[in-house]
Amino acid sequence: MSIIAVSNIKGGVGKTATAVNLAYLSAVDGINTLLCDMDSQGSASYYFRIRPKKKFNTKKFLKGGKHIDRNIRGTDYPGLDLLPADFSFRNIDIALDGLKKSTQRIGKILVPLRREYGCIFLDCPPNVTLLSENIFHAADIILIPLIPTTLSILALKKLLGFLGKMNYRRFKVMVFFSMVEKRKKMHVEMMQRISKDHRILPIAIPYLADVEKMGVYRQPVTAARPGSVATTAYQNLWTEIRKHLER
Amino acid sequence: MQKENSNTWFLPETISSDHLIKEISKQFSVQIKPQQKTTVTYFDTFDWRLYRKNHLFYRVNQFWKLLRCDSGEVVTTFCEMNFSPRRFAWEFPASPMKTLLKSTLGVRGLLSLVVFETLSICVRILNTDEKTVAYIHVKTQKVKADNKIFRTVRLEGVQGYESSARKLGQFLHRCGITDPAPPVYLFKEGVSAIGRLPLDYSSKFSIELKPTLSTRQAARAIFGQLLDTMRQNEAGIREDIDSEFLHDFRVAIRRTRSGLTQLKGVLPPKITETMKNELAYLGRITGPTRDLDVYLLYEENYLSRLPGVLREGLAGFFTEMTDRRYREREKMIDALQSPRYRKIISGWQAYLDGDDGDEPSRHSERPVYESARKIIYRRYRRIMKKGGAIGPSSPDEDLHRLRIQCKKLRYSLEFFSSLFSPEEIARVIKQLKGLQTNLGDFNDLSVQQDMLQDYLSTIGPGSDKEIELAAAIGGLLTNLHHEQKDVRNRFVATFGKFSGSKNSKLFSKLFG
């Protein structure tokens, strides 16, 4: 029963690709898995060819319970379900702000789902808002994809600083390198420089065309190309996370 | 929740699978996956513990699945990449499935009862986004044991796309696919191929006797059923599937011996004498293995009685018990394959099957109802007398004797229960059970202490290992001794409950 949030302040760092592929690998391992698409852009939903039902929106989502159950949809893979994002999720912060205990709402919504699913992945929108705070509150692991560039590291520091200030530190922060290009000198240097931090996993997902093509196949690359370099990279990442989950 | 029952139908003989798939493709946008060959293996214990609890348990590909028999609802699944054969609940990795199996199977092992060789074609039904919204599985399932073939169609919905599944269901109905094929039906068919029937074995004794039967006729029926039980367990003992086969075998021996003693003057004296001797022999040759089975089953219990520091010492004890059991079992198996054993069984069978031509004996012609009341009431009164005389300072021996008396009473109640009102018999047995538990616990604890003391005396002075072992045994002895004292202290209250006026009125009403 673990909740894994994939988050970063920056956009375009591979959050959705990570959430989609890890959720798939988790289901393949026989763990009943749910992927919650929290990003109003709905990219994770798109990858699985799932559209939200017409009546689903932020209001229904925040009500939780049966409103969530009704809107969870099965993917094409056994053991993997998805809660699609609605475009109205873009205003979720405003809706949260008006509620009591506004930082703990999502955690509450997820409680009944924890019983049903062995693993819940949350694909977060790129920023740190009230929604993110809710998600951090609920999560067991906060997984941060990091492109090894100066600005990304700056953003990471800000995020870590924010997480550090949250005094309920029940979650574990795990950072891994994403979209790494070995031929770029800066990537290599940056990776070396910060690799000593204990929160950084010794895992690098390379920048690969196969991952980008997920938008064309509309399948996780781990499902569409089981033997590919991309799949191996995600598998290594998943193995590393499982080690922590089993502890 | 997934359901595997309400949406599986037989494919009518008039429809070929190819034709059905063609018809589906005309109506829906589909993707057809190549035909797959799988093996589905159903498991249960010899005495149907899963089926009794309304469960079907099977393995397909890397999945273990547990369904409800009646609704076909999936209770829990467990995925295991590499197949490893598992027999006992404790051999499964920690999971909700393990917990469920542990509470259901107890010490019994799983048998693979039915194997289906299945050819299946999966048709995915797609929407305009090419998202799968439902599956249709067209299957040909062959029972491995007798090559019987079942063709089925299963409709599997996808959560959140219920309307598509509904439409498909209606379509199949229009095609004439309406005859439901629940998994439990296929399971039963498969089971019959190996010559069994669900619930055809239970370790509980039950027999329907007509009150008008003569006591000898009833005795033949009772002993006949007990002999069946012995024979049914022979194969499981030989294959060493779990410890219950031998246990049930021995209980059937004990019941028969007790019956022979209690039904005095019912069978010809010569038969009674011979069988008493022969059954005592069977008890002797199977005893040592059963004792060791019991000690080995204590492992978890013993470890939990000891503090962490002493636990390691016990490892040597259980290794030795395992070795001893191996040797004793070899001897027992030899004896069970000997001409003497075969002669005992076939002779007894021949006598019980024979017609009633042999000459009557003292009580053989008395109606069974009368004999039953006499036998039960006599035993009951004896228990009341002996039990009432037991006080705090009575020797342990008295409790042991009372235990045997209670057991005899229990056996005769079970032999003749069909002659009395079921509710009242149930009440009587429930009361007796409470007393038997107390006496049984007391006896188990003293047998264990005797065994451990004997074992302790064989440990010579020597290495650290032996010291650790002796310390662990010493710890256990202390712990068992304390528990035995508690059990003994509870005896008076337990017996008081049994001998209460309500219960004694019931006894005299039924049997007096």
# chains A, B, ... in the order shown; residues from 1 in each chain; ligands from 1
>>> select_by_dssp(residues="region 255-364 of chain B", states="helix (DSSP H, G or I)", output="number ranges by chain")
B: 255-262, 269-297, 299-305, 308-311, 314-336, 339-353
>>> interface_residues(of="chain B", to="chain A", cutoff="12 Å", atoms="only C-alpha atoms", output="PyMOL selection string")
chain B and resi 1-2+62-65+75-82+94-96+124-135+156-162
>>> write_last_selection(atoms="C-alpha atoms", output="mmCIF file, in the first residue's frame")
data_model
loop_
_atom_site.group_PDB
_atom_site.id
_atom_site.type_symbol
_atom_site.label_atom_id
_atom_site.label_comp_id
_atom_site.auth_asym_id
_atom_site.auth_seq_id
_atom_site.Cartn_x
_atom_site.Cartn_y
_atom_site.Cartn_z
ATOM 1 C CA MET B 1 -14.750 -6.267 -9.037
ATOM 2 C CA GLN B 2 -14.027 -8.810 -11.762
ATOM 3 C CA GLN B 62 1.772 -16.849 -13.452
ATOM 4 C CA PHE B 63 -1.426 -16.225 -11.476
ATOM 5 C CA TRP B 64 -2.930 -18.006 -8.502
ATOM 6 C CA LYS B 65 -6.602 -17.111 -8.329
ATOM 7 C CA VAL B 75 -11.622 -12.980 -4.004
ATOM 8 C CA THR B 76 -7.901 -12.534 -4.386
ATOM 9 C CA THR B 77 -5.155 -13.148 -6.913
ATOM 10 C CA PHE B 78 -1.489 -13.614 -6.474
ATOM 11 C CA CYS B 79 1.129 -13.289 -9.173
ATOM 12 C CA GLU B 80 4.286 -15.334 -9.191
ATOM 13 C CA MET B 81 6.642 -15.059 -12.117
ATOM 14 C CA ASN B 82 8.421 -18.375 -11.690
ATOM 15 C CA ALA B 94 3.271 -13.272 2.449
ATOM 16 C CA SER B 95 0.110 -11.919 0.812
ATOM 17 C CA PRO B 96 -3.620 -11.669 1.524
ATOM 18 C CA ARG B 124 -10.266 -7.082 -27.930
ATOM 19 C CA ILE B 125 -13.156 -4.733 -28.581
ATOM 20 C CA LEU B 126 -11.889 -1.229 -29.315
ATOM 21 C CA ASN B 127 -13.461 2.230 -29.243
ATOM 22 C CA THR B 128 -12.656 5.101 -31.616
ATOM 23 C CA ASP B 129 -9.468 5.884 -29.658
ATOM 24 C CA GLU B 130 -8.504 2.233 -30.194
ATOM 25 C CA LYS B 131 -8.774 1.775 -26.467
ATOM 26 C CA THR B 132 -9.826 -1.708 -25.354
ATOM 27 C CA VAL B 133 -13.274 -1.477 -23.795
ATOM 28 C CA ALA B 134 -14.025 -5.205 -23.413
ATOM 29 C CA TYR B 135 -12.595 -8.639 -24.164
ATOM 30 C CA GLU B 156 -14.722 -9.624 -19.726
ATOM 31 C CA GLY B 157 -15.617 -6.014 -19.133
ATOM 32 C CA VAL B 158 -13.212 -3.167 -18.441
ATOM 33 C CA GLN B 159 -13.877 -0.877 -15.503
ATOM 34 C CA GLY B 160 -15.385 2.391 -16.633
ATOM 35 C CA TYR B 161 -16.665 0.979 -19.944
ATOM 36 C CA GLU B 162 -19.666 -0.948 -18.663
#
>>> residues_around(residues="Ile375 (chain B)", least_positions_apart="2", cutoff="10 Å", atoms="only C-alpha atoms", output="list in words")
Gln262, Leu263, Lys264, Glu370, Ser371, Ala372, Arg373, Tyr377, Arg378, Arg379, Tyr380, Lys408, Leu409, Ser412, Leu413 and Phe511 of chain B
>>> write_last_selection(atoms="C-alpha atoms", output="PDB file, in the first residue's frame")
ATOM      1  CA  GLN B 262     -18.757 -51.012  23.106  1.00  0.00           C
ATOM      2  CA  LEU B 263     -20.919 -53.181  20.882  1.00  0.00           C
ATOM      3  CA  LYS B 264     -20.310 -56.224  23.031  1.00  0.00           C
ATOM      4  CA  GLU B 370     -32.231 -49.660  22.041  1.00  0.00           C
ATOM      5  CA  SER B 371     -28.555 -50.630  22.005  1.00  0.00           C
ATOM      6  CA  ALA B 372     -27.520 -47.074  21.247  1.00  0.00           C
ATOM      7  CA  ARG B 373     -29.373 -45.662  24.228  1.00  0.00           C
ATOM      8  CA  TYR B 377     -26.204 -43.821  28.820  1.00  0.00           C
ATOM      9  CA  ARG B 378     -23.970 -46.352  30.496  1.00  0.00           C
ATOM     10  CA  ARG B 379     -20.888 -44.441  29.346  1.00  0.00           C
ATOM     11  CA  TYR B 380     -22.385 -41.137  30.405  1.00  0.00           C
ATOM     12  CA  LYS B 408     -15.662 -43.475  23.857  1.00  0.00           C
ATOM     13  CA  LEU B 409     -18.814 -41.540  24.605  1.00  0.00           C
ATOM     14  CA  SER B 412     -20.779 -43.733  20.240  1.00  0.00           C
ATOM     15  CA  LEU B 413     -22.690 -40.454  20.022  1.00  0.00           C
ATOM     16  CA  PHE B 511     -30.816 -42.022  26.389  1.00  0.00           C
TER      17      PHE B 511
END
>>> residues_around(residues="region 99-113 of chain B", least_positions_apart="5", cutoff="10 Å", atoms="only C-alpha atoms", output="MDAnalysis selection string")
chainID B and resid 41:50 52:53 55 57:59 66 75:76 85:94 145 187 190:194 196 240:245 297
>>> atom_distance(atom1="CA of Pro288 (chain B)", atom2="CA of Tyr326 (chain B)")
10.8 Å
>>> residues_around(residues="Arg114 (chain A)", least_positions_apart="2", cutoff="10 Å", atoms="only C-alpha atoms", output="mmCIF file with N, CA and C atoms, in the first residue's frame")
data_model
loop_
_atom_site.group_PDB
_atom_site.id
_atom_site.type_symbol
_atom_site.label_atom_id
_atom_site.label_comp_id
_atom_site.auth_asym_id
_atom_site.auth_seq_id
_atom_site.Cartn_x
_atom_site.Cartn_y
_atom_site.Cartn_z
ATOM 1 N N MET A 1 0.844 -1.194 0.000
ATOM 2 C CA MET A 1 0.000 0.000 0.000
ATOM 3 C C MET A 1 0.878 1.243 0.000
ATOM 4 N N SER A 2 1.356 1.621 -1.176
ATOM 5 C CA SER A 2 2.256 2.762 -1.217
ATOM 6 C C SER A 2 1.742 3.786 -2.211
ATOM 7 N N ILE A 3 1.946 5.038 -1.866
ATOM 8 C CA ILE A 3 1.591 6.111 -2.792
ATOM 9 C C ILE A 3 2.877 6.777 -3.257
ATOM 10 N N THR A 33 -2.508 -1.847 -9.373
ATOM 11 C CA THR A 33 -1.950 -0.498 -9.447
ATOM 12 C C THR A 33 -2.955 0.510 -9.988
ATOM 13 N N LEU A 34 -2.904 1.718 -9.409
ATOM 14 C CA LEU A 34 -3.739 2.815 -9.908
ATOM 15 C C LEU A 34 -2.831 3.987 -10.258
ATOM 16 N N ILE A 109 -9.024 11.568 0.333
ATOM 17 C CA ILE A 109 -9.689 10.951 -0.824
ATOM 18 C C ILE A 109 -9.039 9.609 -1.152
ATOM 19 N N LEU A 110 -7.727 9.535 -0.917
ATOM 20 C CA LEU A 110 -7.000 8.318 -1.307
ATOM 21 C C LEU A 110 -7.131 7.179 -0.298
ATOM 22 N N VAL A 111 -7.606 7.494 0.907
ATOM 23 C CA VAL A 111 -7.656 6.450 1.947
ATOM 24 C C VAL A 111 -8.371 5.176 1.489
ATOM 25 N N PRO A 112 -9.612 5.270 0.968
ATOM 26 C CA PRO A 112 -10.273 4.013 0.562
ATOM 27 C C PRO A 112 -9.556 3.318 -0.597
ATOM 28 N N GLU A 116 -7.638 -0.906 -1.800
ATOM 29 C CA GLU A 116 -7.874 -1.687 -3.005
ATOM 30 C C GLU A 116 -6.613 -1.872 -3.846
ATOM 31 N N TYR A 117 -5.735 -0.889 -3.796
ATOM 32 C CA TYR A 117 -4.556 -0.937 -4.660
ATOM 33 C C TYR A 117 -3.274 -1.114 -3.856
ATOM 34 N N GLY A 118 -2.360 -1.909 -4.397
ATOM 35 C CA GLY A 118 -1.075 -2.095 -3.740
ATOM 36 C C GLY A 118 -0.152 -0.921 -3.983
ATOM 37 N N CYS A 119 -0.379 -0.227 -5.089
ATOM 38 C CA CYS A 119 0.492 0.883 -5.448
ATOM 39 C C CYS A 119 -0.341 1.956 -6.151
ATOM 40 N N ILE A 120 -0.190 3.193 -5.698
ATOM 41 C CA ILE A 120 -0.897 4.293 -6.368
ATOM 42 C C ILE A 120 0.143 5.309 -6.832
#
>>> select_by_dssp(residues="region 135-356 of chain B", states="strand (DSSP E or B)", output="list in words")
Tyr135, Ile136, His137, Val138, Lys139, Thr140, Gln141, Lys142, Val143, Ile149, Phe150, Arg151, Thr152, Val153, Arg154, Leu155, Glu156, Gly157, Pro180 and Ser214 of chain B
>>> atom_distance(atom1="CA of Leu160 (chain A)", atom2="CA of Val175 (chain A)")
10.2 Å
>>> closest_residue(among="B:Arg174, B:His19, B:His400, B:Arg427", to="Asp444 (chain B)", atoms="only C-alpha atoms")
B:His400
>>> atom_distance(atom1="CA of Ser501 (chain B)", atom2="CA of Arg401 (chain B)")
23.4 Å
>>> closest_residue(among="B:Leu435, B:Ala493, B:Ile390, B:Leu510", to="Lys374 (chain B)", atoms="only C-alpha atoms")
B:Leu510
>>> residues_around(residues="region 204-220 of chain B", least_positions_apart="4", cutoff="9 Å", atoms="only C-alpha atoms", output="MDAnalysis selection string")
chainID B and resid 224:226 252 259:260 263 266:267 351:353 356 360 363:372 411 414:419
